[in-house]
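Below is one structure, written out as structure tokens, with a few remarks after it.
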Amino acid sequence: MMKKRVLGVIGLGHVGAHVAYSLAVQGIADELVLVDQNEQKLASEEQDLRDAVAYLPHRVTVRAGDFADLGGCDVIVNCVGKIELLRGTHDRVTEMSFTIPAVRGFVDKIKKSGFDGVLINVTNPCDIVTRELALGLGLPRGRVFGTGTGLDTSRLLSALARQTGIDHKSITCYMLGEHGNLQFAPWSCVSFRGVPLDVWAERDERFRFDRPALQKESIGGGWVTFSGKYCTEYGIATTAARMAYIVLHDEKAILPASAELCGEYGETGLFAGVPCILGANGVEQVVELPLTAEEQQTFHSCCDGIRKNMEHLKDL
């Protein structure tokens, strides 16, 4: 008999509800455990998901629970947030005043549940909240990681595909650093089925595009989504679901995520968006790209920005 895949989702706002739906509709979870402090919202999402799974081609059990029920989960996705705090600002750090106290209020409850799986964090500021969860849970390194620059990288992929006419599945690129305004694209590492961008640019004018403009578009894409609906849903939910699938199937896939740095890229003591090998144990290896000296300095500056934002932790 195959082992039942049990996944938990904490926080059922716009993101959490769509994460739960993605996990159900894609058949990633056999059982979903939903947790939210708003009991009516929890009951409503449980009912709506149950209505949906009745017509899916696979079996999914959905149940409302509490933190004590998360102990048997293989993967937990944390989506607790208060995105309305971002109205009028383009800085995800604004959410810290809510998300850090919230995480501190429940991380010990998850630990007491006996949870021994992998936790994927979506909550912003992603790099700082992921670190807070990792410290609180005390699991082995890599078992707690964040979506980080994963979604931002998908935006860069889409932009490059539109610009060049090359299918996004044939492009390798990454956004690195903070999941926020300080992130950047290391253009020296962009390739199209193994051929570097710079080589393509010498041969074909389609590849001689405005790189800073494309980077700016990738960084600002989330705010385009937010400005018209005051939330983000589909992109981040799909990112989190894909990461959960990779963990459950031990794919050893390379994907950008918010991971703990312990000397990689010359940085330590923080979480930042970097390409990682993801598998059953979460982040199993941080992949160090061959950055140019200028890109390496940009990465250090980005990490300095994360550390500066971490200084606000002492006030929360």
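Just remember, in the structure tokens the first chain shown is A, the second B, etc., residues are 1-based per chain, and ligands are 1-based in the order shown.
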Problem - Close residues, A:Val80 itself excluded, 7 Å, only C-alpha atoms, min 4 positions apart in chain, as a ChimeraX atom specification - result: /A:10-11,99,123
Could you turn the residues from that selection into a file that holds N, CA and C atoms, as an mmCIF file, in the first residue's frame?
```cif
data_model
loop_
_atom_site.group_PDB
_atom_site.id
_atom_site.type_symbol
_atom_site.label_atom_id
_atom_site.label_comp_id
_atom_site.auth_asym_id
_atom_site.auth_seq_id
_atom_site.Cartn_x
_atom_site.Cartn_y
_atom_site.Cartn_z
ATOM 1 N N ILE A 10 -1.329 26.412 6.445
ATOM 2 C CA ILE A 10 -1.611 27.340 7.539
ATOM 3 C C ILE A 10 -1.926 28.703 6.944
ATOM 4 N N GLY A 11 -3.099 29.241 7.276
ATOM 5 C CA GLY A 11 -3.502 30.545 6.761
ATOM 6 C C GLY A 11 -4.279 30.402 5.471
ATOM 7 N N THR A 99 3.400 39.550 10.494
ATOM 8 C CA THR A 99 3.775 38.158 10.247
ATOM 9 C C THR A 99 4.776 37.593 11.257
ATOM 10 N N THR A 123 4.883 33.178 3.393
ATOM 11 C CA THR A 123 4.645 34.435 4.103
ATOM 12 C C THR A 123 5.803 35.421 3.953
#
```
Handout entry: Residues within 7 Å of stretch 154-165 of chain A, only C-alpha atoms, excluding chain neighbours under 3 positions, as an MDAnalysis selection string
Key = chainID A and resid 150:151 168 171 173 206:207 214 218
Would you mind exporting the chosen residues as a PDB file, in the first residue's frame, restricted to N, CA and C atoms?
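Contents of out-v6.pdb, freshly written:
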```pdb
ATOM      1  N   GLY A 150      11.488  32.177  -6.321  1.00  0.00           N
ATOM      2  CA  GLY A 150      10.956  31.203  -7.268  1.00  0.00           C
ATOM      3  C   GLY A 150       9.928  31.805  -8.208  1.00  0.00           C
ATOM      4  N   LEU A 151       8.976  32.552  -7.655  1.00  0.00           N
ATOM      5  CA  LEU A 151       7.952  33.182  -8.487  1.00  0.00           C
ATOM      6  C   LEU A 151       8.559  34.297  -9.324  1.00  0.00           C
ATOM      7  N   HIS A 168       9.737  29.053 -22.811  1.00  0.00           N
ATOM      8  CA  HIS A 168      10.337  29.248 -21.487  1.00  0.00           C
ATOM      9  C   HIS A 168      10.963  27.969 -20.930  1.00  0.00           C
ATOM     10  N   ILE A 171      14.726  27.827 -21.482  1.00  0.00           N
ATOM     11  CA  ILE A 171      15.528  28.920 -20.926  1.00  0.00           C
ATOM     12  C   ILE A 171      15.925  28.596 -19.490  1.00  0.00           C
ATOM     13  N   CYS A 173      17.355  30.563 -16.209  1.00  0.00           N
ATOM     14  CA  CYS A 173      17.655  31.875 -15.630  1.00  0.00           C
ATOM     15  C   CYS A 173      17.211  31.869 -14.170  1.00  0.00           C
ATOM     16  N   ARG A 206      17.382  39.718 -31.565  1.00  0.00           N
ATOM     17  CA  ARG A 206      16.303  39.475 -30.598  1.00  0.00           C
ATOM     18  C   ARG A 206      16.833  39.389 -29.178  1.00  0.00           C
ATOM     19  N   PHE A 207      18.109  39.027 -29.031  1.00  0.00           N
ATOM     20  CA  PHE A 207      18.702  38.824 -27.712  1.00  0.00           C
ATOM     21  C   PHE A 207      19.457  40.066 -27.229  1.00  0.00           C
ATOM     22  N   LEU A 214      14.053  44.543 -18.373  1.00  0.00           N
ATOM     23  CA  LEU A 214      13.454  43.228 -18.142  1.00  0.00           C
ATOM     24  C   LEU A 214      13.566  42.837 -16.669  1.00  0.00           C
ATOM     25  N   SER A 218      10.458  42.125 -14.029  1.00  0.00           N
ATOM     26  CA  SER A 218      10.353  40.903 -13.230  1.00  0.00           C
ATOM     27  C   SER A 218      10.178  41.220 -11.750  1.00  0.00           C
TER      28      SER A 218
END
```
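Computed from the coordinates, the atom CA of A:Phe145 to atom CA of A:Val122 distance equals 9.1 Å.
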Exercise for the section: Write out as JSON, numbers by chain which residues come within 12 Å of A:Ile236 when counting only C-alpha atoms, dropping same-chain ones fewer than 6 positions away. Expected result: {"A": [14, 15, 16, 17, 18, 19, 20, 22, 77, 79, 120, 121, 122, 123, 124, 126, 146, 147, 148, 149, 150, 151, 152, 153, 154, 155, 221, 222, 225, 242, 243]}
Using N, CA, C and O atoms, can you write the selected residues to a file as a short mmCIF file (atom, residue, chain, number, x, y, z; two decimals), in the first residue's frame?
```
data_model
loop_
_atom_site.label_atom_id
_atom_site.label_comp_id
_atom_site.auth_asym_id
_atom_site.auth_seq_id
_atom_site.Cartn_x
_atom_site.Cartn_y
_atom_site.Cartn_z
N HIS A 14 -6.18 34.61 0.55
CA HIS A 14 -6.15 34.42 -0.90
C HIS A 14 -5.08 33.40 -1.30
O HIS A 14 -5.33 32.50 -2.11
N VAL A 15 -3.88 33.54 -0.74
CA VAL A 15 -2.78 32.64 -1.11
C VAL A 15 -3.02 31.24 -0.57
O VAL A 15 -2.95 30.25 -1.31
N GLY A 16 -3.30 31.13 0.72
CA GLY A 16 -3.46 29.82 1.33
C GLY A 16 -4.57 29.01 0.71
O GLY A 16 -4.43 27.80 0.49
N ALA A 17 -5.69 29.66 0.41
CA ALA A 17 -6.82 28.96 -0.20
C ALA A 17 -6.44 28.43 -1.58
O ALA A 17 -6.80 27.30 -1.95
N HIS A 18 -5.70 29.23 -2.35
CA HIS A 18 -5.29 28.79 -3.68
C HIS A 18 -4.20 27.72 -3.61
O HIS A 18 -4.13 26.84 -4.48
N VAL A 19 -3.34 27.79 -2.60
CA VAL A 19 -2.35 26.72 -2.41
C VAL A 19 -3.08 25.40 -2.14
O VAL A 19 -2.77 24.37 -2.75
N ALA A 20 -4.06 25.45 -1.23
CA ALA A 20 -4.82 24.23 -0.90
C ALA A 20 -5.53 23.70 -2.14
O ALA A 20 -5.53 22.48 -2.40
N SER A 22 -4.67 24.16 -5.30
CA SER A 22 -3.67 23.63 -6.23
C SER A 22 -3.21 22.24 -5.80
O SER A 22 -3.05 21.34 -6.63
N VAL A 77 2.69 24.05 4.28
CA VAL A 77 2.91 25.31 3.58
C VAL A 77 2.35 26.43 4.44
O VAL A 77 1.15 26.44 4.75
N CYS A 79 1.18 30.12 4.94
CA CYS A 79 0.68 31.22 4.13
C CYS A 79 0.09 32.35 4.98
O CYS A 79 -0.62 33.21 4.45
N ILE A 120 7.40 24.64 3.87
CA ILE A 120 7.62 25.61 2.81
C ILE A 120 6.93 26.90 3.21
O ILE A 120 5.72 26.92 3.47
N ASN A 121 7.69 27.98 3.28
CA ASN A 121 7.11 29.25 3.70
C ASN A 121 6.84 30.16 2.51
O ASN A 121 7.69 30.37 1.66
N VAL A 122 5.63 30.72 2.49
CA VAL A 122 5.23 31.71 1.50
C VAL A 122 5.20 33.10 2.11
O VAL A 122 5.48 34.10 1.45
N THR A 123 4.88 33.18 3.39
CA THR A 123 4.65 34.43 4.10
C THR A 123 5.80 35.42 3.95
O THR A 123 6.98 35.05 4.06
N ASN A 124 5.44 36.70 3.76
CA ASN A 124 6.44 37.76 3.60
C ASN A 124 6.70 38.53 4.90
O ASN A 124 5.83 38.57 5.77
N CYS A 126 9.58 37.03 2.95
CA CYS A 126 9.81 35.59 2.88
C CYS A 126 11.13 35.15 3.51
O CYS A 126 11.18 34.19 4.28
N GLY A 146 11.83 28.72 1.86
CA GLY A 146 10.78 29.60 1.38
C GLY A 146 10.66 29.60 -0.13
O GLY A 146 11.59 29.22 -0.85
N THR A 147 9.50 30.04 -0.61
CA THR A 147 9.32 30.16 -2.05
C THR A 147 10.28 31.20 -2.62
O THR A 147 10.73 31.08 -3.76
N GLY A 148 10.59 32.23 -1.83
CA GLY A 148 11.63 33.19 -2.19
C GLY A 148 11.51 33.75 -3.59
O GLY A 148 10.45 34.22 -4.01
N THR A 149 12.61 33.68 -4.35
CA THR A 149 12.64 34.24 -5.71
C THR A 149 12.14 33.24 -6.76
O THR A 149 12.34 33.45 -7.96
N GLY A 150 11.49 32.18 -6.32
CA GLY A 150 10.96 31.20 -7.27
C GLY A 150 9.93 31.81 -8.21
O GLY A 150 10.00 31.62 -9.43
N LEU A 151 8.98 32.55 -7.65
CA LEU A 151 7.95 33.18 -8.49
C LEU A 151 8.56 34.30 -9.32
O LEU A 151 8.20 34.47 -10.49
N ASP A 152 9.49 35.05 -8.76
CA ASP A 152 10.14 36.13 -9.51
C ASP A 152 10.90 35.57 -10.71
O ASP A 152 10.94 36.17 -11.78
N THR A 153 11.49 34.40 -10.52
CA THR A 153 12.19 33.75 -11.62
C THR A 153 11.23 33.36 -12.74
O THR A 153 11.54 33.47 -13.92
N SER A 154 10.03 32.92 -12.36
CA SER A 154 9.04 32.56 -13.39
C SER A 154 8.66 33.79 -14.21
O SER A 154 8.39 33.68 -15.42
N ARG A 155 8.63 34.96 -13.57
CA ARG A 155 8.32 36.18 -14.31
C ARG A 155 9.44 36.51 -15.29
O ARG A 155 9.18 36.94 -16.42
N GLY A 221 6.55 42.78 -11.22
CA GLY A 221 5.37 42.03 -11.66
C GLY A 221 4.37 41.76 -10.56
O GLY A 221 3.15 41.80 -10.77
N GLY A 222 4.86 41.47 -9.36
CA GLY A 222 3.97 41.19 -8.24
C GLY A 222 3.09 42.39 -7.91
O GLY A 222 1.92 42.23 -7.52
N THR A 225 0.17 42.69 -10.28
CA THR A 225 -0.91 41.80 -9.84
C THR A 225 -1.66 42.41 -8.66
O THR A 225 -2.90 42.45 -8.64
N ARG A 242 4.24 23.34 -6.75
CA ARG A 242 5.34 22.68 -7.48
C ARG A 242 6.45 22.26 -6.52
O ARG A 242 6.99 21.15 -6.62
N MET A 243 6.79 23.12 -5.58
CA MET A 243 7.84 22.79 -4.61
C MET A 243 7.42 21.61 -3.74
O MET A 243 8.23 20.72 -3.44
#
```
Problem - Residue list (strand (DSSP E), DSSP) for stretch 57-295 of chain A, as number ranges by chain - result: A: 61-64, 75-78, 118-121, 144-146, 171-172, 191-192, 195-196, 253-262, 268-279, 282-286
Practice task
Between A:Asp116, A:Asp210, A:Asp127, A:Glu84, single out the one closest to A:Gly282, counting only C-alpha atoms.
Solution key: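 The answer is A:Asp116, which sits nearest to A:Gly282.
Around stretch 38-46 of chain A, within 9 Å and counting only C-alpha atoms, the residues found are A:Gly11, A:Leu12, A:Gly13, A:Ala17, A:Leu34, A:Arg50, A:Asp51, A:Val62, A:Arg63, A:Ala64, A:Gly65, once anything fewer than 4 positions away on its own chain is removed.
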Can you write out the residues you just picked, keeping C-alpha atoms, as a PDB file, in the first residue's frame?
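Contents of result.pdb, freshly written:
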```pdb
ATOM      1  CA  GLY A  11      -3.502  30.545   6.761  1.00  0.00           C
ATOM      2  CA  LEU A  12      -6.421  30.424   4.330  1.00  0.00           C
ATOM      3  CA  GLY A  13      -6.419  33.887   2.859  1.00  0.00           C
ATOM      4  CA  ALA A  17      -6.817  28.956  -0.200  1.00  0.00           C
ATOM      5  CA  LEU A  34      -6.317  23.203   6.921  1.00  0.00           C
ATOM      6  CA  ARG A  50     -14.854  19.315  -0.470  1.00  0.00           C
ATOM      7  CA  ASP A  51     -17.351  20.459  -3.078  1.00  0.00           C
ATOM      8  CA  VAL A  62      -9.996  17.663   3.195  1.00  0.00           C
ATOM      9  CA  ARG A  63     -10.352  18.412   6.874  1.00  0.00           C
ATOM     10  CA  ALA A  64     -10.134  21.436   9.152  1.00  0.00           C
ATOM     11  CA  GLY A  65      -7.644  21.101  11.964  1.00  0.00           C
TER      12      GLY A  65
END
```
At most 7 Å is the cut-off: for each residue in stretch 158-243 of chain A with any atom that close to an atom of stretch 258-277 of chain A, write down the nearest atom pair and the distance in Å rounded to one decimal, counting only C-alpha atoms, chain first then increasing number, as CSV.
```
residue,atom,partner,partner_atom,distance
A:Leu176,CA,A:Gly273,CA,5.1
A:Gly177,CA,A:Gly273,CA,4.6
A:Glu178,CA,A:Ala272,CA,5.6
A:His179,CA,A:Gly273,CA,6.7
```
May I have the residues from that selection written out with N, CA, C and O atoms, as a PDB file, in the first residue's frame?
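To be explicit, this is the file written out as result25.pdb:
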```
ATOM      1  N   LEU A 176      17.972  36.338  -8.048  1.00  0.00           N
ATOM      2  CA  LEU A 176      18.708  36.013  -6.824  1.00  0.00           C
ATOM      3  C   LEU A 176      18.504  37.070  -5.749  1.00  0.00           C
ATOM      4  O   LEU A 176      18.147  38.214  -6.023  1.00  0.00           O
ATOM      5  N   GLY A 177      18.774  36.658  -4.504  1.00  0.00           N
ATOM      6  CA  GLY A 177      18.809  37.582  -3.375  1.00  0.00           C
ATOM      7  C   GLY A 177      17.508  37.681  -2.627  1.00  0.00           C
ATOM      8  O   GLY A 177      16.821  36.685  -2.383  1.00  0.00           O
ATOM      9  N   GLU A 178      17.148  38.885  -2.276  1.00  0.00           N
ATOM     10  CA  GLU A 178      15.931  39.130  -1.496  1.00  0.00           C
ATOM     11  C   GLU A 178      14.689  38.902  -2.342  1.00  0.00           C
ATOM     12  O   GLU A 178      14.659  39.272  -3.525  1.00  0.00           O
ATOM     13  N   HIS A 179      13.656  38.291  -1.731  1.00  0.00           N
ATOM     14  CA  HIS A 179      12.351  38.276  -2.391  1.00  0.00           C
ATOM     15  C   HIS A 179      11.731  39.643  -2.126  1.00  0.00           C
ATOM     16  O   HIS A 179      10.912  39.822  -1.227  1.00  0.00           O
TER      17      HIS A 179
END
```
Problem - Minimum-distance residue to A:Arg143, chosen among A:Glu233, A:Asp48, A:Asp74, A:Glu311 (using only C-alpha atoms) - result: A:Asp74
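When only C-alpha atoms are used to compute distances to A:Ile128, the closest of the residues A:Val107, A:Val93, A:Val33, A:Leu182 turns out to be A:Val93.
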Please provide the set of residues having any atom within 12 Å of A:Leu70, restricted to only C-alpha atoms, with same-chain residues fewer than 6 positions apart removed, written as a compact mmCIF listing (two decimals) with all heavy atoms, in the first residue's frame.
```
# COMPACT_ATOMS: atom_id res chain seq x y z
N VAL A 6 0.18 13.48 3.19
CA VAL A 6 -0.60 14.42 4.01
C VAL A 6 0.09 15.78 4.00
O VAL A 6 1.28 15.88 4.35
CB VAL A 6 -0.74 13.91 5.46
CG1 VAL A 6 -1.63 14.87 6.26
CG2 VAL A 6 -1.30 12.50 5.48
N LEU A 7 -0.63 16.80 3.59
CA LEU A 7 -0.08 18.15 3.54
C LEU A 7 -0.93 19.11 4.36
O LEU A 7 -2.17 19.01 4.36
CB LEU A 7 0.01 18.66 2.10
CG LEU A 7 1.14 18.05 1.27
CD1 LEU A 7 0.68 16.78 0.59
CD2 LEU A 7 1.67 19.03 0.25
N GLY A 8 -0.28 20.02 5.05
CA GLY A 8 -0.98 21.03 5.83
C GLY A 8 -0.82 22.40 5.22
O GLY A 8 0.23 22.71 4.64
N VAL A 9 -1.85 23.22 5.33
CA VAL A 9 -1.79 24.61 4.89
C VAL A 9 -2.21 25.49 6.06
O VAL A 9 -3.31 25.33 6.61
CB VAL A 9 -2.71 24.87 3.68
CG1 VAL A 9 -2.64 26.35 3.28
CG2 VAL A 9 -2.34 23.98 2.51
N ILE A 10 -1.33 26.41 6.44
CA ILE A 10 -1.61 27.34 7.54
C ILE A 10 -1.93 28.70 6.94
O ILE A 10 -1.12 29.27 6.21
CB ILE A 10 -0.40 27.47 8.49
CG1 ILE A 10 0.04 26.11 9.00
CG2 ILE A 10 -0.74 28.39 9.66
CD1 ILE A 10 1.33 26.15 9.81
N GLU A 31 -4.38 13.89 1.43
CA GLU A 31 -5.13 14.47 2.55
C GLU A 31 -4.62 15.87 2.81
O GLU A 31 -3.41 16.10 2.87
CB GLU A 31 -4.98 13.61 3.80
CG GLU A 31 -5.76 14.13 5.00
CD GLU A 31 -5.66 13.22 6.22
OE1 GLU A 31 -5.33 12.04 6.03
OE2 GLU A 31 -5.91 13.70 7.34
N LEU A 32 -5.55 16.81 2.98
CA LEU A 32 -5.21 18.18 3.30
C LEU A 32 -5.70 18.53 4.69
O LEU A 32 -6.86 18.28 5.03
CB LEU A 32 -5.87 19.14 2.29
CG LEU A 32 -5.18 19.34 0.95
CD1 LEU A 32 -6.08 20.19 0.04
CD2 LEU A 32 -3.82 20.00 1.11
N VAL A 33 -4.82 19.11 5.50
CA VAL A 33 -5.17 19.58 6.83
C VAL A 33 -5.10 21.10 6.79
O VAL A 33 -4.04 21.68 6.55
CB VAL A 33 -4.22 19.03 7.91
CG1 VAL A 33 -4.64 19.53 9.28
CG2 VAL A 33 -4.18 17.52 7.86
N LEU A 34 -6.22 21.75 7.01
CA LEU A 34 -6.32 23.20 6.92
C LEU A 34 -6.35 23.84 8.30
O LEU A 34 -7.09 23.38 9.18
CB LEU A 34 -7.58 23.61 6.15
CG LEU A 34 -7.81 22.91 4.80
CD1 LEU A 34 -9.13 23.40 4.20
CD2 LEU A 34 -6.65 23.16 3.85
N VAL A 35 -5.56 24.89 8.48
CA VAL A 35 -5.48 25.57 9.78
C VAL A 35 -5.62 27.07 9.57
O VAL A 35 -4.93 27.66 8.74
CB VAL A 35 -4.15 25.26 10.49
CG1 VAL A 35 -4.06 26.04 11.81
CG2 VAL A 35 -3.99 23.77 10.73
N ARG A 63 -9.81 18.25 5.52
CA ARG A 63 -10.35 18.41 6.87
C ARG A 63 -9.76 19.64 7.56
O ARG A 63 -8.59 19.98 7.36
CB ARG A 63 -10.09 17.17 7.74
CG ARG A 63 -8.64 16.84 8.01
CD ARG A 63 -8.53 15.53 8.78
NE ARG A 63 -7.16 15.10 9.01
CZ ARG A 63 -6.49 15.36 10.12
NH1 ARG A 63 -7.05 16.07 11.10
NH2 ARG A 63 -5.24 14.93 10.27
N ALA A 64 -10.59 20.32 8.34
CA ALA A 64 -10.13 21.44 9.15
C ALA A 64 -9.42 20.88 10.38
O ALA A 64 -9.78 19.82 10.90
CB ALA A 64 -11.32 22.30 9.57
N ILE A 76 4.24 21.03 5.17
CA ILE A 76 3.36 22.12 5.59
C ILE A 76 3.72 23.33 4.74
O ILE A 76 4.89 23.61 4.51
CB ILE A 76 3.56 22.47 7.08
CG1 ILE A 76 3.13 21.32 7.99
CG2 ILE A 76 2.80 23.75 7.45
CD1 ILE A 76 3.47 21.55 9.46
N VAL A 77 2.69 24.05 4.28
CA VAL A 77 2.91 25.31 3.58
C VAL A 77 2.35 26.43 4.44
O VAL A 77 1.15 26.44 4.75
CB VAL A 77 2.22 25.32 2.19
CG1 VAL A 77 2.56 26.61 1.46
CG2 VAL A 77 2.65 24.11 1.36
N ASN A 78 3.20 27.35 4.86
CA ASN A 78 2.78 28.46 5.70
C ASN A 78 2.43 29.66 4.82
O ASN A 78 3.27 30.16 4.07
CB ASN A 78 3.88 28.87 6.68
CG ASN A 78 3.48 30.09 7.49
OD1 ASN A 78 2.40 30.13 8.08
ND2 ASN A 78 4.34 31.10 7.50
N PHE A 106 2.79 30.76 16.83
CA PHE A 106 2.37 29.38 16.55
C PHE A 106 3.50 28.40 16.24
O PHE A 106 3.26 27.20 16.18
CB PHE A 106 1.33 29.32 15.43
CG PHE A 106 1.81 29.74 14.06
CD1 PHE A 106 2.72 28.98 13.34
CD2 PHE A 106 1.31 30.88 13.46
CE1 PHE A 106 3.13 29.35 12.06
CE2 PHE A 106 1.71 31.26 12.18
CZ PHE A 106 2.62 30.48 11.49
N VAL A 107 4.74 28.88 16.06
CA VAL A 107 5.81 27.96 15.67
C VAL A 107 6.05 26.88 16.72
O VAL A 107 6.31 25.71 16.39
CB VAL A 107 7.11 28.73 15.34
CG1 VAL A 107 7.71 29.39 16.60
CG2 VAL A 107 8.13 27.81 14.69
N ASP A 108 5.93 27.26 18.00
CA ASP A 108 6.13 26.26 19.06
C ASP A 108 5.02 25.23 19.07
O ASP A 108 5.24 24.06 19.41
CB ASP A 108 6.21 26.96 20.42
CG ASP A 108 6.75 26.02 21.50
OD1 ASP A 108 7.80 25.39 21.27
OD2 ASP A 108 6.10 25.90 22.56
N LYS A 109 3.82 25.62 18.65
CA LYS A 109 2.70 24.67 18.57
C LYS A 109 2.96 23.62 17.49
O LYS A 109 2.62 22.45 17.65
CB LYS A 109 1.40 25.41 18.28
CG LYS A 109 0.97 26.38 19.39
CD LYS A 109 -0.30 27.11 19.00
CE LYS A 109 -0.69 28.13 20.07
NZ LYS A 109 -1.90 28.90 19.70
N ILE A 110 3.56 24.05 16.37
CA ILE A 110 3.91 23.10 15.32
C ILE A 110 4.97 22.13 15.84
O ILE A 110 4.89 20.91 15.64
CB ILE A 110 4.45 23.82 14.07
CG1 ILE A 110 3.40 24.77 13.50
CG2 ILE A 110 4.86 22.79 13.01
CD1 ILE A 110 3.90 25.59 12.31
N LYS A 111 5.95 22.67 16.55
CA LYS A 111 7.02 21.84 17.10
C LYS A 111 6.46 20.82 18.08
O LYS A 111 6.83 19.63 18.05
CB LYS A 111 8.07 22.72 17.78
CG LYS A 111 9.31 21.99 18.25
CD LYS A 111 10.35 22.96 18.77
CE LYS A 111 11.63 22.22 19.17
NZ LYS A 111 12.67 23.17 19.64
N LYS A 112 5.53 21.25 18.94
CA LYS A 112 4.94 20.35 19.93
C LYS A 112 4.07 19.27 19.29
O LYS A 112 3.84 18.22 19.88
CB LYS A 112 4.12 21.15 20.94
CG LYS A 112 4.97 21.96 21.92
CD LYS A 112 4.11 22.74 22.90
CE LYS A 112 4.98 23.51 23.89
NZ LYS A 112 4.16 24.33 24.83
N SER A 113 3.61 19.51 18.07
CA SER A 113 2.80 18.51 17.38
C SER A 113 3.62 17.29 16.96
O SER A 113 3.06 16.27 16.59
CB SER A 113 2.16 19.13 16.14
OG SER A 113 3.10 19.27 15.08
N GLY A 114 4.96 17.45 17.00
CA GLY A 114 5.83 16.36 16.58
C GLY A 114 6.16 16.39 15.11
O GLY A 114 6.71 15.42 14.56
N PHE A 115 5.83 17.48 14.44
CA PHE A 115 6.08 17.60 13.01
C PHE A 115 7.55 17.36 12.69
O PHE A 115 8.44 17.94 13.28
CB PHE A 115 5.67 19.00 12.52
CG PHE A 115 6.01 19.26 11.08
CD1 PHE A 115 5.36 18.58 10.06
CD2 PHE A 115 7.00 20.18 10.75
CE1 PHE A 115 5.69 18.82 8.73
CE2 PHE A 115 7.32 20.43 9.44
CZ PHE A 115 6.66 19.75 8.42
N ASP A 116 7.78 16.49 11.71
CA ASP A 116 9.16 16.11 11.34
C ASP A 116 9.31 16.04 9.82
O ASP A 116 10.06 15.23 9.30
CB ASP A 116 9.52 14.76 11.97
CG ASP A 116 11.01 14.46 11.88
OD1 ASP A 116 11.82 15.40 11.99
OD2 ASP A 116 11.36 13.28 11.67
N GLY A 117 8.56 16.89 9.13
CA GLY A 117 8.62 16.88 7.68
C GLY A 117 9.35 18.08 7.12
O GLY A 117 10.36 18.52 7.65
N VAL A 118 8.83 18.63 6.04
CA VAL A 118 9.40 19.80 5.37
C VAL A 118 8.37 20.92 5.41
O VAL A 118 7.19 20.70 5.14
CB VAL A 118 9.77 19.49 3.91
CG1 VAL A 118 10.15 20.76 3.15
CG2 VAL A 118 10.91 18.47 3.86
N LEU A 119 8.82 22.12 5.78
CA LEU A 119 7.94 23.28 5.79
C LEU A 119 8.36 24.25 4.70
O LEU A 119 9.54 24.62 4.61
CB LEU A 119 7.95 23.98 7.15
CG LEU A 119 6.91 25.10 7.31
CD1 LEU A 119 6.37 25.15 8.73
CD2 LEU A 119 7.48 26.47 6.93
```
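Nearest-residue note for A:Val75: choosing from A:Met310, A:Ala244, A:Ile28, A:Val144, the minimum distance belongs to A:Ala244, counting only C-alpha atoms.
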Problem - Point-to-point distance in Å for atom CA of A:Gly72 and atom CA of A:Leu56 - result: 24.2 Å
Practice task
Going by DSSP on the backbone, which bits of stretch 88-313 of chain A are helix (DSSP H, G or I)? Write them as a count of residues only, please.
Solution key: 122
Problem - Who sits within 12 Å of A:His312, only C-alpha atoms, same chain under 3 positions skipped, as a list in words - result: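 Returned residues: Val93, Thr94, Glu95, Met96, Ser97, Ile100, Pro101, Pro125, Ile128, Gly305, Ile306, Arg307, Lys308, Asn309, Asp315 and Leu316 of chain A.
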